[in-house]
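Asks: Mind looking over this structure? Questions follow.
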Amino acid sequence: MTRLVPLAEARDLPLWRRPVALLFLMAIAMPLSFATWSALLNNFVREAAQFDGSDIGWLHTVREIPGFLAFLVVFVLLVMREQVLALVALALLAVTTAVTAWFPSTGGLLTVTLLSSIGFHYYETVNQSLQLQWLTKERAPQMLGWLLAAASGATLVAYGVIVLTWRAFELSYNSVYLVSGGLTLAIVVYCALAFPQFQSPNPQRKQLVLRRRYWLYYALQFMSGARRQIFVVFAGFMMVERFGFEVDEVTALFLINLVANMALAPLLGRVVHRFGEGRALLVEYAGLMAIFLAYGGIYWFGWGVVLASVLYVLDHIFFALALALKTYFQKIADPGDIAPTAAVAFTINHIAAVFLPFALGYLWLVSPGAVFGLAAAMAGVSFLLALMIPRHPVPGNETIFSARLAAPAE
């Protein structure tokens with residue numbers, strides 16, 4: 001991996017050693033650990049440490065602290081290339097996932113969660129940057145859809161194994177965590193040995209970048225982070241706490257989500273390419289408003305488990321349209337801004353994530369329906385912001401107001 005290969009020359013390499021192949025392998029490796037950790041988490045913390053809604057909120061607050069500090073990636077890149085950092089972060093995620101069950105206490109779980117989160121968030125930050133640098137603007141929506149489908153496929157395998165073997169072989173949390181983390185680590189080692197380091201034609205700035213003309217992208221990232229936290233923290237917890245789902249039942253629900261994502265993600269990429277980022281995001285946010293209100297109805301009107309399960313699947317499908325936010329930024333960004341802005345955007349995305357989980361954990365104890373009502377309101381704000389995305393965003397035409405104001409690109 002010490003050999004440097006300019007991106008333009010990478011096309012001469014065998015297909016299995018090209019940048020896109022590396023993106024696909026990393027897309028497969030990450031969910032093997034993270035998705036397995038997520039699938040078992042709610043049951044594990046209930047059994048091992050007797051977590052309630054407040055406790056799970058605090059755990060997710062700790063998990064989001066590295067996301068809030070993602071801007072520090074810029075400084076790490078002063079001493080480490082993005083491709084190397086992506087693999088190091090994946091390795092950290094793999095190791096901490098493998099040992100999760102060794103720490104069945106509140107303090108131990110918070111510590112392991114913090115370390116695994118550093119790996120996850122730093123990987124996600126540089127991976128997004130590498131995707132936007134290595135994929136052309138014309139191919140990006142479709143390829144991002146295929147990468148999402150690949151990640152869903154890997155997660156499908158992990159969940160399928162859990163569903164089929166959890167009860168049949170009386171698996172333990174420790175064995176599942178060890179295997180999933182070990183598989184991710186094996187892929188990381190292969191990627192480090194098999195691929196050269198790819199050199200982008202546009203050197204990335206090694207300082208924080210905040211540009212006024214990216215304000216709409218920043219606002220959408222902030223709302224996305226706030227809204228998604230409510231789903232990540234409380235939707236799955238609801239299935240366990242209210243409806244008594246076991247590990248294999250929660251995982252089976254995740255399994256359905258993955259089949260839907262594998263089938264629809266490439267199609268959604270083509271939809272974004274055909275109709276534009278603005279329209280795609282409007283559909284996502286309108287759908288999420290309806291879904292979160294229906295989640296609230298489960299508590300307000302006593303709706304049942306079948307509806308809750310359907311909403312959980314629809315939620316994931318609409319979230320897949322979020323790839324439009326990536327391609328919107330790719331179209332308006334200066335090429336050298338991609339890496340530093342990805343780091344800043346991850347921090348903005350996680351501002352609300354640091355305080356919302358524990359704050360809403362206390363609200364959850366009083367009124368779970370109100371938590372989902374708040375999420376619906378956030379989706380509504382995102383919908384209003386998405387109305388400002390032009391049909392053809394480019395530098396100098398970042399919002400529908402840019403052309404009217406004739407604001408020059410910075």
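Residues are referred to by chain and number: the chain letter is A, B, ... according to the order shown in the structure tokens, the number counts from 1 in that chain, and ligands are numbered separately from 1 in the order shown.
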Could you give me, as a compact mmCIF listing (two decimals) with N, CA, C and O atoms, in the first residue's frame, each residue of range 2-156 of chain A that DSSP assigns to alpha helix (DSSP H) when run on this structure's backbone?
Replies:
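Written file, out.txt:
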```
# COMPACT_ATOMS: atom_id res chain seq x y z
N PRO A 19 -9.78 1.84 -7.66
CA PRO A 19 -10.40 2.56 -6.54
C PRO A 19 -11.84 2.12 -6.25
O PRO A 19 -12.23 2.00 -5.08
N VAL A 20 -12.63 1.89 -7.30
CA VAL A 20 -14.02 1.50 -7.07
C VAL A 20 -14.09 0.15 -6.34
O VAL A 20 -14.95 -0.05 -5.48
N ALA A 21 -13.18 -0.76 -6.65
CA ALA A 21 -13.15 -2.04 -5.95
C ALA A 21 -12.87 -1.85 -4.46
O ALA A 21 -13.47 -2.51 -3.61
N LEU A 22 -11.96 -0.91 -4.16
CA LEU A 22 -11.66 -0.62 -2.75
C LEU A 22 -12.88 -0.02 -2.05
O LEU A 22 -13.19 -0.38 -0.91
N LEU A 23 -13.58 0.88 -2.73
CA LEU A 23 -14.79 1.46 -2.15
C LEU A 23 -15.82 0.38 -1.84
O LEU A 23 -16.48 0.40 -0.79
N PHE A 24 -15.95 -0.59 -2.75
CA PHE A 24 -16.93 -1.66 -2.53
C PHE A 24 -16.51 -2.55 -1.36
O PHE A 24 -17.36 -2.95 -0.54
N LEU A 25 -15.23 -2.89 -1.27
CA LEU A 25 -14.78 -3.73 -0.16
C LEU A 25 -14.98 -3.04 1.19
O LEU A 25 -15.40 -3.66 2.17
N MET A 26 -14.66 -1.75 1.25
CA MET A 26 -14.86 -1.02 2.50
C MET A 26 -16.35 -0.90 2.82
O MET A 26 -16.76 -0.97 3.98
N ALA A 27 -17.17 -0.73 1.76
CA ALA A 27 -18.62 -0.66 1.97
C ALA A 27 -19.16 -1.96 2.54
O ALA A 27 -20.14 -1.97 3.30
N ILE A 28 -18.53 -3.07 2.20
CA ILE A 28 -18.93 -4.37 2.73
C ILE A 28 -18.39 -4.59 4.14
O ILE A 28 -19.08 -5.12 5.02
N ALA A 29 -17.15 -4.15 4.38
CA ALA A 29 -16.50 -4.42 5.67
C ALA A 29 -17.16 -3.68 6.83
O ALA A 29 -17.34 -4.25 7.91
N MET A 30 -17.51 -2.42 6.63
CA MET A 30 -18.03 -1.61 7.74
C MET A 30 -19.30 -2.20 8.35
O MET A 30 -19.38 -2.39 9.57
N PRO A 31 -20.34 -2.51 7.55
CA PRO A 31 -21.57 -3.00 8.18
C PRO A 31 -21.45 -4.38 8.82
O PRO A 31 -22.27 -4.73 9.67
N LEU A 32 -20.47 -5.18 8.43
CA LEU A 32 -20.31 -6.47 9.10
C LEU A 32 -20.12 -6.29 10.60
O LEU A 32 -20.64 -7.06 11.41
N SER A 33 -19.38 -5.23 10.98
CA SER A 33 -19.22 -4.93 12.40
C SER A 33 -20.34 -4.06 12.93
O SER A 33 -21.01 -4.39 13.92
N PHE A 34 -20.56 -2.92 12.27
CA PHE A 34 -21.49 -1.94 12.82
C PHE A 34 -22.93 -2.45 12.84
O PHE A 34 -23.66 -2.25 13.82
N ALA A 35 -23.35 -3.10 11.76
CA ALA A 35 -24.72 -3.58 11.71
C ALA A 35 -24.96 -4.69 12.74
O ALA A 35 -26.03 -4.76 13.36
N THR A 36 -23.97 -5.55 12.92
CA THR A 36 -24.11 -6.61 13.92
C THR A 36 -24.19 -6.02 15.32
O THR A 36 -25.01 -6.42 16.15
N TRP A 37 -23.31 -5.04 15.58
CA TRP A 37 -23.33 -4.35 16.88
C TRP A 37 -24.71 -3.73 17.12
O TRP A 37 -25.28 -3.86 18.20
N SER A 38 -25.25 -3.08 16.10
CA SER A 38 -26.55 -2.41 16.23
C SER A 38 -27.68 -3.41 16.44
O SER A 38 -28.59 -3.18 17.25
N ALA A 39 -27.63 -4.53 15.72
CA ALA A 39 -28.71 -5.52 15.81
C ALA A 39 -28.82 -6.12 17.20
O ALA A 39 -29.91 -6.38 17.70
N LEU A 40 -27.68 -6.34 17.84
CA LEU A 40 -27.67 -6.98 19.16
C LEU A 40 -27.75 -5.99 20.31
O LEU A 40 -28.04 -6.36 21.45
N LEU A 41 -27.50 -4.70 20.01
CA LEU A 41 -27.28 -3.72 21.07
C LEU A 41 -28.44 -3.63 22.05
O LEU A 41 -28.25 -3.73 23.26
N ASN A 42 -29.66 -3.39 21.54
CA ASN A 42 -30.79 -3.12 22.45
C ASN A 42 -31.06 -4.30 23.38
O ASN A 42 -31.34 -4.11 24.57
N ASN A 43 -30.97 -5.51 22.85
CA ASN A 43 -31.17 -6.68 23.71
C ASN A 43 -30.00 -6.87 24.67
O ASN A 43 -30.19 -7.21 25.85
N PHE A 44 -28.78 -6.65 24.17
CA PHE A 44 -27.60 -6.86 25.02
C PHE A 44 -27.59 -5.90 26.21
O PHE A 44 -27.34 -6.32 27.35
N VAL A 45 -27.86 -4.62 25.98
CA VAL A 45 -27.80 -3.66 27.08
C VAL A 45 -28.94 -3.89 28.07
O VAL A 45 -28.78 -3.63 29.27
N ARG A 46 -30.07 -4.39 27.58
CA ARG A 46 -31.18 -4.69 28.51
C ARG A 46 -30.82 -5.87 29.40
O ARG A 46 -31.08 -5.86 30.60
N GLU A 47 -30.20 -6.89 28.82
CA GLU A 47 -29.88 -8.10 29.58
C GLU A 47 -28.62 -7.93 30.43
O GLU A 47 -28.56 -8.39 31.57
N ALA A 48 -27.60 -7.27 29.87
CA ALA A 48 -26.31 -7.19 30.56
C ALA A 48 -26.27 -6.08 31.60
O ALA A 48 -25.63 -6.23 32.65
N ALA A 49 -26.92 -4.94 31.32
CA ALA A 49 -26.81 -3.80 32.21
C ALA A 49 -28.16 -3.19 32.59
O ALA A 49 -28.20 -2.11 33.17
N GLY A 53 -34.81 3.71 28.98
CA GLY A 53 -34.77 4.71 27.91
C GLY A 53 -33.72 5.78 28.15
O GLY A 53 -33.05 6.25 27.22
N SER A 54 -33.55 6.19 29.40
CA SER A 54 -32.55 7.20 29.73
C SER A 54 -31.14 6.68 29.51
O SER A 54 -30.27 7.37 28.96
N ASP A 55 -30.89 5.43 29.93
CA ASP A 55 -29.56 4.84 29.78
C ASP A 55 -29.18 4.71 28.30
O ASP A 55 -28.05 5.02 27.92
N ILE A 56 -30.12 4.25 27.48
CA ILE A 56 -29.80 4.08 26.06
C ILE A 56 -29.56 5.44 25.42
O ILE A 56 -28.75 5.59 24.51
N GLY A 57 -30.26 6.46 25.91
CA GLY A 57 -30.01 7.81 25.41
C GLY A 57 -28.61 8.27 25.72
O GLY A 57 -27.92 8.85 24.87
N TRP A 58 -28.13 8.02 26.94
CA TRP A 58 -26.77 8.40 27.31
C TRP A 58 -25.74 7.63 26.49
O TRP A 58 -24.71 8.19 26.08
N LEU A 59 -25.99 6.34 26.26
CA LEU A 59 -25.03 5.56 25.47
C LEU A 59 -24.90 6.14 24.06
O LEU A 59 -23.78 6.26 23.54
N HIS A 60 -26.01 6.52 23.46
CA HIS A 60 -25.95 7.07 22.11
C HIS A 60 -25.36 8.47 22.10
O HIS A 60 -24.77 8.90 21.10
N THR A 61 -25.52 9.20 23.20
CA THR A 61 -24.85 10.50 23.29
C THR A 61 -23.33 10.31 23.27
O THR A 61 -22.61 11.00 22.55
N VAL A 62 -22.86 9.34 24.05
CA VAL A 62 -21.43 9.04 24.04
C VAL A 62 -20.99 8.58 22.65
O VAL A 62 -19.92 8.96 22.15
N ARG A 63 -21.82 7.79 22.00
CA ARG A 63 -21.48 7.28 20.67
C ARG A 63 -21.35 8.40 19.65
O ARG A 63 -20.59 8.29 18.68
N GLU A 64 -22.07 9.49 19.85
CA GLU A 64 -22.06 10.57 18.88
C GLU A 64 -20.99 11.63 19.14
O GLU A 64 -20.78 12.50 18.30
N ILE A 65 -20.32 11.57 20.27
CA ILE A 65 -19.27 12.56 20.55
C ILE A 65 -18.18 12.55 19.48
O ILE A 65 -17.78 13.62 18.97
N PRO A 66 -17.65 11.39 19.05
CA PRO A 66 -16.65 11.41 17.97
C PRO A 66 -17.19 11.99 16.66
O PRO A 66 -16.45 12.61 15.90
N GLY A 67 -18.48 11.80 16.40
CA GLY A 67 -19.06 12.41 15.21
C GLY A 67 -19.03 13.92 15.31
O GLY A 67 -18.75 14.63 14.33
N PHE A 68 -19.33 14.44 16.50
CA PHE A 68 -19.26 15.89 16.72
C PHE A 68 -17.84 16.42 16.55
O PHE A 68 -17.63 17.55 16.11
N VAL A 73 -10.55 15.34 11.93
CA VAL A 73 -9.99 14.55 10.83
C VAL A 73 -9.05 15.39 9.99
O VAL A 73 -8.03 14.91 9.50
N VAL A 74 -9.39 16.66 9.82
CA VAL A 74 -8.55 17.55 9.01
C VAL A 74 -7.12 17.57 9.53
O VAL A 74 -6.14 17.57 8.76
N PHE A 75 -6.96 17.57 10.84
CA PHE A 75 -5.63 17.62 11.43
C PHE A 75 -4.93 16.26 11.37
O PHE A 75 -3.71 16.19 11.23
N VAL A 76 -5.70 15.18 11.47
CA VAL A 76 -5.12 13.86 11.30
C VAL A 76 -4.54 13.71 9.89
O VAL A 76 -3.50 13.07 9.68
N GLU A 82 -5.85 10.02 3.45
CA GLU A 82 -7.25 9.64 3.69
C GLU A 82 -7.47 8.13 3.56
O GLU A 82 -8.17 7.53 4.37
N GLN A 83 -6.88 7.53 2.55
CA GLN A 83 -7.08 6.11 2.33
C GLN A 83 -6.55 5.29 3.50
O GLN A 83 -7.17 4.32 3.94
N VAL A 84 -5.39 5.69 4.04
CA VAL A 84 -4.81 4.99 5.20
C VAL A 84 -5.69 5.18 6.42
O VAL A 84 -5.98 4.23 7.17
N LEU A 85 -6.16 6.41 6.62
CA LEU A 85 -7.01 6.70 7.78
C LEU A 85 -8.30 5.89 7.72
O LEU A 85 -8.78 5.40 8.74
N ALA A 86 -8.86 5.74 6.53
CA ALA A 86 -10.09 4.96 6.39
C ALA A 86 -9.89 3.53 6.89
O ALA A 86 -10.73 2.97 7.61
N LEU A 87 -8.76 2.92 6.52
CA LEU A 87 -8.50 1.54 6.93
C LEU A 87 -8.16 1.43 8.41
O LEU A 87 -8.56 0.47 9.09
N VAL A 88 -7.42 2.40 8.93
CA VAL A 88 -7.11 2.40 10.37
C VAL A 88 -8.39 2.53 11.19
O VAL A 88 -8.59 1.83 12.19
N ALA A 89 -9.27 3.43 10.76
CA ALA A 89 -10.54 3.62 11.47
C ALA A 89 -11.40 2.37 11.41
O ALA A 89 -12.03 1.97 12.40
N LEU A 90 -11.43 1.71 10.24
CA LEU A 90 -12.18 0.46 10.11
C LEU A 90 -11.62 -0.62 11.04
O LEU A 90 -12.37 -1.40 11.64
N ALA A 91 -10.30 -0.67 11.16
CA ALA A 91 -9.68 -1.66 12.04
C ALA A 91 -10.07 -1.41 13.50
O ALA A 91 -10.34 -2.35 14.26
N LEU A 92 -10.12 -0.14 13.90
CA LEU A 92 -10.53 0.19 15.27
C LEU A 92 -11.98 -0.22 15.51
O LEU A 92 -12.31 -0.79 16.56
N LEU A 93 -12.84 0.04 14.54
CA LEU A 93 -14.24 -0.39 14.65
C LEU A 93 -14.33 -1.91 14.79
O LEU A 93 -15.09 -2.43 15.61
N ALA A 94 -13.53 -2.62 14.00
CA ALA A 94 -13.57 -4.09 14.03
C ALA A 94 -13.14 -4.63 15.39
O ALA A 94 -13.82 -5.50 15.96
N VAL A 95 -12.05 -4.14 15.92
CA VAL A 95 -11.52 -4.65 17.19
C VAL A 95 -12.48 -4.36 18.34
O VAL A 95 -12.77 -5.24 19.17
N THR A 96 -13.01 -3.15 18.40
CA THR A 96 -13.89 -2.80 19.52
C THR A 96 -15.23 -3.54 19.42
O THR A 96 -15.82 -3.89 20.45
N THR A 97 -15.70 -3.78 18.21
CA THR A 97 -16.92 -4.60 18.07
C THR A 97 -16.66 -6.01 18.58
O THR A 97 -17.49 -6.60 19.28
N ALA A 98 -15.50 -6.56 18.25
CA ALA A 98 -15.18 -7.94 18.64
C ALA A 98 -15.19 -8.13 20.15
O ALA A 98 -15.57 -9.20 20.65
N THR A 106 -22.31 -0.74 32.62
CA THR A 106 -22.57 0.58 32.06
C THR A 106 -21.27 1.28 31.68
O THR A 106 -21.12 1.79 30.55
N GLY A 107 -20.31 1.30 32.60
CA GLY A 107 -19.04 1.96 32.31
C GLY A 107 -18.28 1.30 31.17
O GLY A 107 -17.73 1.97 30.30
N GLY A 108 -18.27 -0.04 31.17
CA GLY A 108 -17.57 -0.75 30.11
C GLY A 108 -18.21 -0.52 28.75
O GLY A 108 -17.53 -0.31 27.75
N LEU A 109 -19.55 -0.56 28.72
CA LEU A 109 -20.25 -0.35 27.45
C LEU A 109 -20.03 1.05 26.92
O LEU A 109 -19.86 1.25 25.71
N LEU A 110 -20.04 2.04 27.80
CA LEU A 110 -19.80 3.42 27.35
C LEU A 110 -18.40 3.57 26.79
O LEU A 110 -18.19 4.26 25.77
N THR A 111 -17.41 2.93 27.41
CA THR A 111 -16.02 3.04 26.95
C THR A 111 -15.84 2.38 25.59
O THR A 111 -15.26 2.97 24.66
N VAL A 112 -16.32 1.15 25.45
CA VAL A 112 -16.19 0.44 24.18
C VAL A 112 -16.96 1.15 23.08
O VAL A 112 -16.51 1.25 21.93
N THR A 113 -18.14 1.67 23.43
CA THR A 113 -18.94 2.40 22.46
C THR A 113 -18.20 3.64 21.96
O THR A 113 -18.23 3.96 20.76
N LEU A 114 -17.55 4.35 22.87
CA LEU A 114 -16.80 5.55 22.48
C LEU A 114 -15.69 5.20 21.49
O LEU A 114 -15.52 5.86 20.45
N LEU A 115 -14.93 4.14 21.78
CA LEU A 115 -13.82 3.75 20.91
C LEU A 115 -14.32 3.26 19.55
O LEU A 115 -13.76 3.62 18.51
N SER A 116 -15.37 2.44 19.55
CA SER A 116 -15.89 1.96 18.27
C SER A 116 -16.46 3.12 17.46
O SER A 116 -16.37 3.14 16.23
N SER A 117 -17.02 4.10 18.16
CA SER A 117 -17.58 5.25 17.47
C SER A 117 -16.50 6.11 16.81
O SER A 117 -16.73 6.68 15.74
N ILE A 118 -15.34 6.21 17.43
CA ILE A 118 -14.22 6.92 16.80
C ILE A 118 -13.90 6.25 15.47
O ILE A 118 -13.73 6.91 14.44
N GLY A 119 -13.81 4.92 15.49
CA GLY A 119 -13.54 4.21 14.25
C GLY A 119 -14.62 4.41 13.22
O GLY A 119 -14.35 4.71 12.05
N PHE A 120 -15.88 4.29 13.64
CA PHE A 120 -17.00 4.41 12.70
C PHE A 120 -17.07 5.80 12.08
O PHE A 120 -17.14 5.96 10.86
N HIS A 121 -17.04 6.83 12.91
CA HIS A 121 -17.25 8.19 12.40
C HIS A 121 -16.06 8.70 11.59
O HIS A 121 -16.25 9.41 10.60
N TYR A 122 -14.85 8.34 11.99
CA TYR A 122 -13.71 8.79 11.20
C TYR A 122 -13.65 8.04 9.87
O TYR A 122 -13.27 8.61 8.84
N TYR A 123 -14.05 6.77 9.88
CA TYR A 123 -14.15 6.05 8.61
C TYR A 123 -15.20 6.70 7.72
O TYR A 123 -14.96 6.94 6.53
N GLU A 124 -16.38 6.95 8.25
CA GLU A 124 -17.46 7.52 7.45
C GLU A 124 -17.07 8.88 6.87
O GLU A 124 -17.41 9.21 5.74
N THR A 125 -16.36 9.67 7.66
CA THR A 125 -15.95 11.00 7.18
C THR A 125 -15.05 10.90 5.97
O THR A 125 -15.29 11.52 4.93
N VAL A 126 -13.97 10.11 6.08
CA VAL A 126 -13.02 10.04 4.96
C VAL A 126 -13.58 9.19 3.82
O VAL A 126 -13.26 9.42 2.65
N ASN A 127 -14.44 8.22 4.13
CA ASN A 127 -15.03 7.42 3.06
C ASN A 127 -15.92 8.29 2.17
O ASN A 127 -15.88 8.17 0.94
N GLN A 128 -16.71 9.16 2.76
CA GLN A 128 -17.53 10.07 1.96
C GLN A 128 -16.66 10.95 1.09
O GLN A 128 -16.96 11.18 -0.09
N SER A 129 -15.56 11.43 1.65
CA SER A 129 -14.64 12.26 0.87
C SER A 129 -14.04 11.48 -0.29
O SER A 129 -13.98 11.97 -1.43
N LEU A 130 -13.60 10.25 -0.03
CA LEU A 130 -13.00 9.43 -1.09
C LEU A 130 -14.02 9.12 -2.19
O LEU A 130 -13.70 9.11 -3.38
N GLN A 131 -15.25 8.84 -1.81
CA GLN A 131 -16.29 8.56 -2.80
C GLN A 131 -16.46 9.75 -3.75
O GLN A 131 -16.51 9.59 -4.98
N LEU A 132 -16.56 10.95 -3.19
CA LEU A 132 -16.81 12.12 -4.02
C LEU A 132 -15.59 12.53 -4.84
O LEU A 132 -15.72 13.16 -5.89
N GLN A 133 -14.38 12.15 -4.37
CA GLN A 133 -13.17 12.44 -5.15
C GLN A 133 -12.96 11.40 -6.25
O GLN A 133 -12.50 11.73 -7.34
N TRP A 134 -13.26 10.16 -5.97
CA TRP A 134 -12.94 9.07 -6.91
C TRP A 134 -14.04 8.80 -7.93
O TRP A 134 -13.79 8.16 -8.95
N ALA A 140 -21.67 9.44 -10.07
CA ALA A 140 -21.77 9.38 -8.61
C ALA A 140 -23.15 8.92 -8.12
O ALA A 140 -23.21 8.02 -7.26
N PRO A 141 -24.28 9.48 -8.59
CA PRO A 141 -25.57 9.02 -8.02
C PRO A 141 -25.79 7.52 -8.19
O PRO A 141 -26.19 6.83 -7.24
N GLN A 142 -25.51 7.00 -9.40
CA GLN A 142 -25.72 5.58 -9.63
C GLN A 142 -24.75 4.73 -8.82
O GLN A 142 -25.13 3.72 -8.21
N MET A 143 -23.46 5.13 -8.78
CA MET A 143 -22.47 4.34 -8.05
C MET A 143 -22.72 4.39 -6.54
O MET A 143 -22.52 3.37 -5.85
N LEU A 144 -23.16 5.54 -6.03
CA LEU A 144 -23.49 5.60 -4.61
C LEU A 144 -24.65 4.66 -4.29
O LEU A 144 -24.69 4.05 -3.22
N GLY A 145 -25.59 4.56 -5.23
CA GLY A 145 -26.68 3.60 -5.04
C GLY A 145 -26.17 2.16 -5.01
O GLY A 145 -26.60 1.36 -4.17
N TRP A 146 -25.24 1.82 -5.90
CA TRP A 146 -24.67 0.46 -5.90
C TRP A 146 -23.84 0.20 -4.66
O TRP A 146 -23.85 -0.92 -4.11
N LEU A 147 -23.10 1.21 -4.19
CA LEU A 147 -22.33 1.04 -2.95
C LEU A 147 -23.26 0.81 -1.76
O LEU A 147 -22.97 -0.02 -0.88
N LEU A 148 -24.37 1.53 -1.74
CA LEU A 148 -25.35 1.32 -0.67
C LEU A 148 -25.94 -0.09 -0.76
O LEU A 148 -26.14 -0.76 0.26
N ALA A 149 -26.18 -0.55 -1.98
CA ALA A 149 -26.70 -1.91 -2.16
C ALA A 149 -25.68 -2.95 -1.70
O ALA A 149 -26.04 -3.97 -1.09
N ALA A 150 -24.39 -2.71 -1.96
CA ALA A 150 -23.35 -3.64 -1.52
C ALA A 150 -23.28 -3.70 0.00
O ALA A 150 -23.17 -4.78 0.60
N ALA A 151 -23.35 -2.52 0.64
CA ALA A 151 -23.35 -2.49 2.10
C ALA A 151 -24.57 -3.22 2.65
O ALA A 151 -24.48 -3.96 3.64
N SER A 152 -25.71 -3.02 2.00
CA SER A 152 -26.92 -3.72 2.43
C SER A 152 -26.78 -5.23 2.26
O SER A 152 -27.25 -6.01 3.09
N GLY A 153 -26.11 -5.63 1.17
CA GLY A 153 -25.90 -7.06 0.95
C GLY A 153 -25.05 -7.69 2.03
O GLY A 153 -25.33 -8.78 2.51
N ALA A 154 -23.99 -6.98 2.44
CA ALA A 154 -23.13 -7.49 3.51
C ALA A 154 -23.89 -7.60 4.82
O ALA A 154 -23.78 -8.58 5.56
N THR A 155 -24.69 -6.58 5.08
CA THR A 155 -25.49 -6.59 6.30
C THR A 155 -26.54 -7.69 6.25
O THR A 155 -26.85 -8.33 7.26
N LEU A 156 -27.07 -7.91 5.05
CA LEU A 156 -28.05 -8.99 4.86
C LEU A 156 -27.46 -10.34 5.26
O LEU A 156 -28.11 -11.13 5.95
```
Asks: Quick one: everything within 12 Å of Ser367 in chain A, counting only C-alpha atoms, minus sequence neighbours fewer than 2 positions away in the same chain. Send it as an MDAnalysis selection string.
Replies: chainID A and resid 53 296:300 360:365 369:374
Asks: In Å, rounded to a single decimal, give me how far CA of His316 in chain A is from CA of Ile291 in chain A.
Replies: 10.6 Å
Asks: Could you give me, as a list in words, the residues within 10 Å of range 9-13 of chain A, counting only C-alpha atoms and dropping anything in the same chain fewer than 2 positions from it?
Replies: Val5, Pro6, Leu7, Leu15, Trp16, Arg17, Arg18, Pro19, Val20, Phe195, Pro196, Gln197, Phe198 and Gln199 of chain A
Asks: Of the residues A:Glu138, A:Trp102, A:Val176, A:Val157, which is the one nearest to Arg274 in chain A, using only C-alpha atoms?
Replies: A:Glu138
Asks: What is the CA of Leu311 in chain A-CA of Tyr217 in chain A distance in Å, reported with one decimal?
Replies: 27.4 Å
Asks: Under the rule that only C-alpha atoms are counted, which of A:Phe222, A:Tyr159, A:Phe275, A:Tyr285 is the nearest residue to Asp248 in chain A?
Replies: A:Tyr159
Asks: Between CA of Glu277 in chain A and CA of Tyr214 in chain A, what is the distance in Å, rounded to a tenth?
Replies: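 Computing the Euclidean distance for CA of Glu277 in chain A and CA of Tyr214 in chain A yields 15.1 Å.
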Asks: Kindly indicate which residue among A:Ala379, A:Leu193, A:Val366, A:Val161 lies nearest to Arg3 in chain A, using only C-alpha atoms for the distances.
Replies: A:Leu193
Asks: Which residue, A:Trp303, A:Tyr328, A:Phe71, A:Trp215, has the smallest gap to Arg242 in chain A when you use only C-alpha atoms?
Replies: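 Among the listed residues, the smallest separation from Arg242 in chain A belongs to A:Trp303.
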Asks: Using only C-alpha atoms, which residue out of A:Val272, A:Leu220, A:Ala375, A:Met238 lies closest to Leu321 in chain A?
Replies: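 When distances to Leu321 in chain A are compared using only C-alpha atoms, the smallest one comes from A:Val272.
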Asks: I want to know what sits within 7 Å of Leu178 in chain A, based on only C-alpha atoms, with residues of the same chain fewer than 4 positions away left out; could you give that as a compact mmCIF listing (two decimals) with C-alpha atoms, in the first residue's frame?
Replies:
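Output below, filename around.txt:
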```
# COMPACT_ATOMS: atom_id res chain seq x y z
CA ALA A 98 -15.18 -7.94 18.64
CA VAL A 99 -14.67 -7.26 22.37
CA ASN A 174 -19.63 -12.77 22.65
CA GLY A 182 -12.91 -10.53 12.97
```
